[in-house]
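S.K.: Have a look at the structure that comes next, please.
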Amino acid sequence: QVQLVESGGGLVQAGGSLRLSCAASRSIFSINYMGWYRQVPGKQRELVATITSGGRTNYADSVKGRFTISGDSAKNRVYLQMNSLRPEDTAVYYCNFHSILRDYWGQGTQVTVSS
């Protein structure tokens, strides 16, 4: 059973930075894209950023210019550098690997930004 293991969440003051990491416990092949999503209680999970196997990136408008996604699909690793964090960025962040066969999800890591 492949697992995605996330790390890097925590508590930070507004304006601060965090770097999230996600790695697969075993090799996953044919990944089309990887991404980060976030969810707050009572709301739907929302897209934060994605990166294709070719390196093309996409961001939610709310994080453009502040967050940077990077990764290596062949090595099954994805990162999210989060700068200029705001209280509204507080959420559980999930990594996602989308392969031709199925989606894989991490267990989630809590990010809390205090004002």
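Residue numbers start at 1 in each chain; chains themselves are named A, B, ... in the order of the structure tokens; ligands are numbered from 1 in the order shown.
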Counting only C-alpha atoms, what is within 12 Å of stretch 94-102 of chain A, bar same-chain residues fewer than 4 positions away, as JSON, numbers by chain?

M.R.: {"A": [2, 3, 4, 5, 6, 7, 8, 9, 20, 21, 22, 23, 24, 27, 28, 29, 30, 31, 32, 33, 34, 35, 36, 37, 38, 39, 40, 45, 46, 47, 48, 49, 50, 51, 52, 53, 69, 71, 72, 73, 74, 75, 76, 77, 78, 79, 80, 106, 107, 108, 109, 110, 111]}

S.K.: Write out the residues from the selection above, keeping N, CA and C atoms, as a compact mmCIF listing (two decimals), in the first residue's frame.

M.R.:
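Resulting contents of out-v5.txt:
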```
# COMPACT_ATOMS: atom_id res chain seq x y z
N VAL A 2 0.76 2.04 -1.04
CA VAL A 2 1.56 3.26 -1.14
C VAL A 2 0.95 4.34 -0.25
N GLN A 3 1.81 5.03 0.46
CA GLN A 3 1.38 6.16 1.28
C GLN A 3 2.14 7.40 0.88
N LEU A 4 1.47 8.54 0.97
CA LEU A 4 2.14 9.82 0.80
C LEU A 4 2.36 10.39 2.19
N VAL A 5 3.61 10.72 2.49
CA VAL A 5 3.97 11.20 3.82
C VAL A 5 4.31 12.68 3.73
N GLU A 6 3.54 13.48 4.47
CA GLU A 6 3.75 14.92 4.46
C GLU A 6 4.48 15.37 5.71
N SER A 7 5.18 16.48 5.60
CA SER A 7 5.83 17.07 6.76
C SER A 7 5.99 18.56 6.52
N GLY A 8 6.27 19.29 7.61
CA GLY A 8 6.56 20.71 7.48
C GLY A 8 5.49 21.64 7.97
N GLY A 9 4.33 21.12 8.35
CA GLY A 9 3.29 22.00 8.86
C GLY A 9 3.63 22.50 10.24
N LEU A 20 6.35 22.88 3.05
CA LEU A 20 5.75 21.56 3.16
C LEU A 20 6.46 20.59 2.21
N SER A 21 6.61 19.36 2.65
CA SER A 21 7.21 18.32 1.83
C SER A 21 6.29 17.12 1.79
N CYS A 22 6.36 16.39 0.69
CA CYS A 22 5.54 15.19 0.53
C CYS A 22 6.34 14.18 -0.29
N ALA A 23 6.39 12.95 0.21
CA ALA A 23 7.10 11.89 -0.50
C ALA A 23 6.29 10.61 -0.45
N ALA A 24 6.41 9.81 -1.49
CA ALA A 24 5.71 8.52 -1.53
C ALA A 24 6.54 7.46 -0.82
N SER A 27 7.55 3.58 -4.87
CA SER A 27 7.54 4.22 -6.18
C SER A 27 6.14 4.20 -6.80
N ILE A 28 5.78 5.35 -7.34
CA ILE A 28 4.55 5.48 -8.11
C ILE A 28 4.96 5.87 -9.52
N PHE A 29 4.45 5.14 -10.49
CA PHE A 29 4.85 5.39 -11.87
C PHE A 29 3.77 6.15 -12.64
N SER A 30 4.19 6.76 -13.71
CA SER A 30 3.26 7.44 -14.62
C SER A 30 2.44 8.52 -13.93
N ILE A 31 3.12 9.36 -13.18
CA ILE A 31 2.46 10.50 -12.54
C ILE A 31 2.28 11.61 -13.56
N ASN A 32 1.05 12.05 -13.73
CA ASN A 32 0.77 13.15 -14.64
C ASN A 32 1.03 14.50 -13.97
N TYR A 33 0.56 14.62 -12.73
CA TYR A 33 0.82 15.85 -12.00
C TYR A 33 0.74 15.60 -10.51
N MET A 34 1.33 16.52 -9.76
CA MET A 34 1.29 16.49 -8.31
C MET A 34 0.72 17.81 -7.83
N GLY A 35 0.17 17.81 -6.63
CA GLY A 35 -0.42 19.06 -6.17
C GLY A 35 -0.59 19.13 -4.68
N TRP A 36 -0.97 20.30 -4.25
CA TRP A 36 -1.32 20.57 -2.86
C TRP A 36 -2.73 21.14 -2.81
N TYR A 37 -3.50 20.67 -1.84
CA TYR A 37 -4.86 21.13 -1.62
C TYR A 37 -4.97 21.48 -0.14
N ARG A 38 -5.99 22.23 0.22
CA ARG A 38 -6.19 22.54 1.63
C ARG A 38 -7.68 22.54 1.96
N GLN A 39 -7.94 22.33 3.24
CA GLN A 39 -9.33 22.24 3.67
C GLN A 39 -9.46 22.79 5.08
N VAL A 40 -10.52 23.58 5.28
CA VAL A 40 -10.87 24.05 6.62
C VAL A 40 -12.19 23.40 7.00
N ARG A 45 -12.58 20.85 0.14
CA ARG A 45 -11.15 20.89 -0.13
C ARG A 45 -10.92 21.73 -1.39
N GLU A 46 -9.91 22.60 -1.35
CA GLU A 46 -9.64 23.47 -2.48
C GLU A 46 -8.22 23.32 -2.99
N LEU A 47 -8.07 23.56 -4.27
CA LEU A 47 -6.76 23.50 -4.91
C LEU A 47 -5.90 24.65 -4.43
N VAL A 48 -4.65 24.36 -4.13
CA VAL A 48 -3.67 25.40 -3.82
C VAL A 48 -2.72 25.57 -4.99
N ALA A 49 -2.11 24.47 -5.43
CA ALA A 49 -1.15 24.53 -6.53
C ALA A 49 -0.94 23.15 -7.10
N THR A 50 -0.61 23.09 -8.39
CA THR A 50 -0.25 21.83 -9.03
C THR A 50 0.99 22.03 -9.88
N ILE A 51 1.68 20.92 -10.13
CA ILE A 51 2.83 20.92 -11.03
C ILE A 51 2.76 19.66 -11.86
N THR A 52 2.91 19.82 -13.18
CA THR A 52 2.85 18.65 -14.07
C THR A 52 4.20 17.95 -14.10
N SER A 53 4.22 16.78 -14.69
CA SER A 53 5.48 16.04 -14.81
C SER A 53 6.47 16.82 -15.67
N ILE A 69 5.30 25.96 -5.77
CA ILE A 69 5.31 24.50 -5.79
C ILE A 69 6.50 24.03 -6.61
N GLY A 71 8.92 20.13 -7.42
CA GLY A 71 8.92 18.70 -7.20
C GLY A 71 9.55 17.93 -8.33
N ASP A 72 9.61 16.63 -8.15
CA ASP A 72 10.18 15.72 -9.13
C ASP A 72 9.27 14.50 -9.18
N SER A 73 8.50 14.38 -10.24
CA SER A 73 7.55 13.26 -10.31
C SER A 73 8.26 11.92 -10.39
N ALA A 74 9.42 11.88 -11.01
CA ALA A 74 10.18 10.63 -11.11
C ALA A 74 10.67 10.17 -9.74
N LYS A 75 10.96 11.13 -8.87
CA LYS A 75 11.40 10.80 -7.52
C LYS A 75 10.24 10.80 -6.53
N ASN A 76 9.04 11.07 -7.02
CA ASN A 76 7.83 11.04 -6.19
C ASN A 76 7.93 11.98 -5.00
N ARG A 77 8.36 13.21 -5.27
CA ARG A 77 8.46 14.21 -4.21
C ARG A 77 7.88 15.52 -4.70
N VAL A 78 7.19 16.20 -3.80
CA VAL A 78 6.64 17.50 -4.12
C VAL A 78 6.76 18.39 -2.90
N TYR A 79 6.96 19.69 -3.14
CA TYR A 79 7.18 20.64 -2.06
C TYR A 79 6.27 21.86 -2.27
N LEU A 80 6.01 22.55 -1.19
CA LEU A 80 5.27 23.80 -1.27
C LEU A 80 5.94 24.81 -0.34
N GLY A 106 -2.16 12.32 0.68
CA GLY A 106 -1.50 12.28 1.97
C GLY A 106 -2.51 12.37 3.09
N GLN A 107 -2.02 12.22 4.32
CA GLN A 107 -2.89 12.22 5.48
C GLN A 107 -3.24 13.63 5.95
N GLY A 108 -2.53 14.61 5.43
CA GLY A 108 -2.78 15.99 5.80
C GLY A 108 -1.83 16.49 6.87
N THR A 109 -1.46 17.75 6.76
CA THR A 109 -0.63 18.39 7.75
C THR A 109 -1.23 19.76 8.09
N GLN A 110 -1.31 20.06 9.37
CA GLN A 110 -1.96 21.29 9.82
C GLN A 110 -1.03 22.48 9.68
N VAL A 111 -1.54 23.53 9.07
CA VAL A 111 -0.84 24.82 9.02
C VAL A 111 -1.72 25.84 9.72
```

S.K.: Please, what distance in Å, to one decimal, runs between atom CA of A:Gly15 and atom CA of A:Ala91?

M.R.: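 Between atom CA of A:Gly15 and atom CA of A:Ala91 the gap is 15.9 Å.
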
S.K.: Would you pick out the contacts of A:Thr112 at 10 Å or less, using only C-alpha atoms, so that residues sharing its chain but fewer than 2 positions from it are not included, and give the list as a ChimeraX atom specification?

M.R.: /A:9-14,85-92,109-110,114-115

S.K.: Identify, on the basis of only C-alpha atoms, every residue whose closest approach to A:Ser17 does not exceed 7 Å; exclude the query and any residue fewer than 4 positions from it along the same chain; express the result as a short mmCIF file (atom, residue, chain, number, x, y, z; two decimals) with all heavy atoms, in the first residue's frame.

M.R.:
```
data_model
loop_
_atom_site.label_atom_id
_atom_site.label_comp_id
_atom_site.auth_asym_id
_atom_site.auth_seq_id
_atom_site.Cartn_x
_atom_site.Cartn_y
_atom_site.Cartn_z
N MET A 82 5.79 28.29 1.24
CA MET A 82 4.74 29.25 1.54
C MET A 82 5.35 30.45 2.24
O MET A 82 5.90 30.32 3.35
CB MET A 82 3.67 28.61 2.43
CG MET A 82 3.07 27.34 1.83
SD MET A 82 1.71 26.66 2.81
CE MET A 82 2.59 26.15 4.28
N ASN A 83 5.28 31.60 1.60
CA ASN A 83 5.81 32.85 2.16
C ASN A 83 4.67 33.83 2.40
O ASN A 83 3.58 33.67 1.86
CB ASN A 83 6.83 33.45 1.20
CG ASN A 83 8.03 32.57 0.97
OD1 ASN A 83 8.45 31.81 1.85
ND2 ASN A 83 8.60 32.64 -0.22
N SER A 84 4.95 34.84 3.19
CA SER A 84 3.96 35.89 3.47
C SER A 84 2.63 35.28 3.90
O SER A 84 1.56 35.66 3.40
CB SER A 84 3.77 36.78 2.24
OG SER A 84 4.99 37.37 1.85
N LEU A 85 2.70 34.35 4.80
CA LEU A 85 1.50 33.63 5.23
C LEU A 85 0.51 34.55 5.93
O LEU A 85 0.90 35.50 6.63
CB LEU A 85 1.88 32.47 6.14
CG LEU A 85 2.41 31.25 5.38
CD1 LEU A 85 3.20 30.33 6.30
CD2 LEU A 85 1.27 30.48 4.73
#
```

S.K.: So the first atom is atom CA of A:Gln44 and the second is atom CA of A:Ser70; what is the distance between them in Å, to one decimal place?

M.R.: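 Answer for the atom CA of A:Gln44 to atom CA of A:Ser70 separation: 24.1 Å.
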
S.K.: Which one of A:Trp105, A:Thr57, A:Val113, A:Val63 sits closest to A:Ser25 if you count only C-alpha atoms?

M.R.: A:Trp105
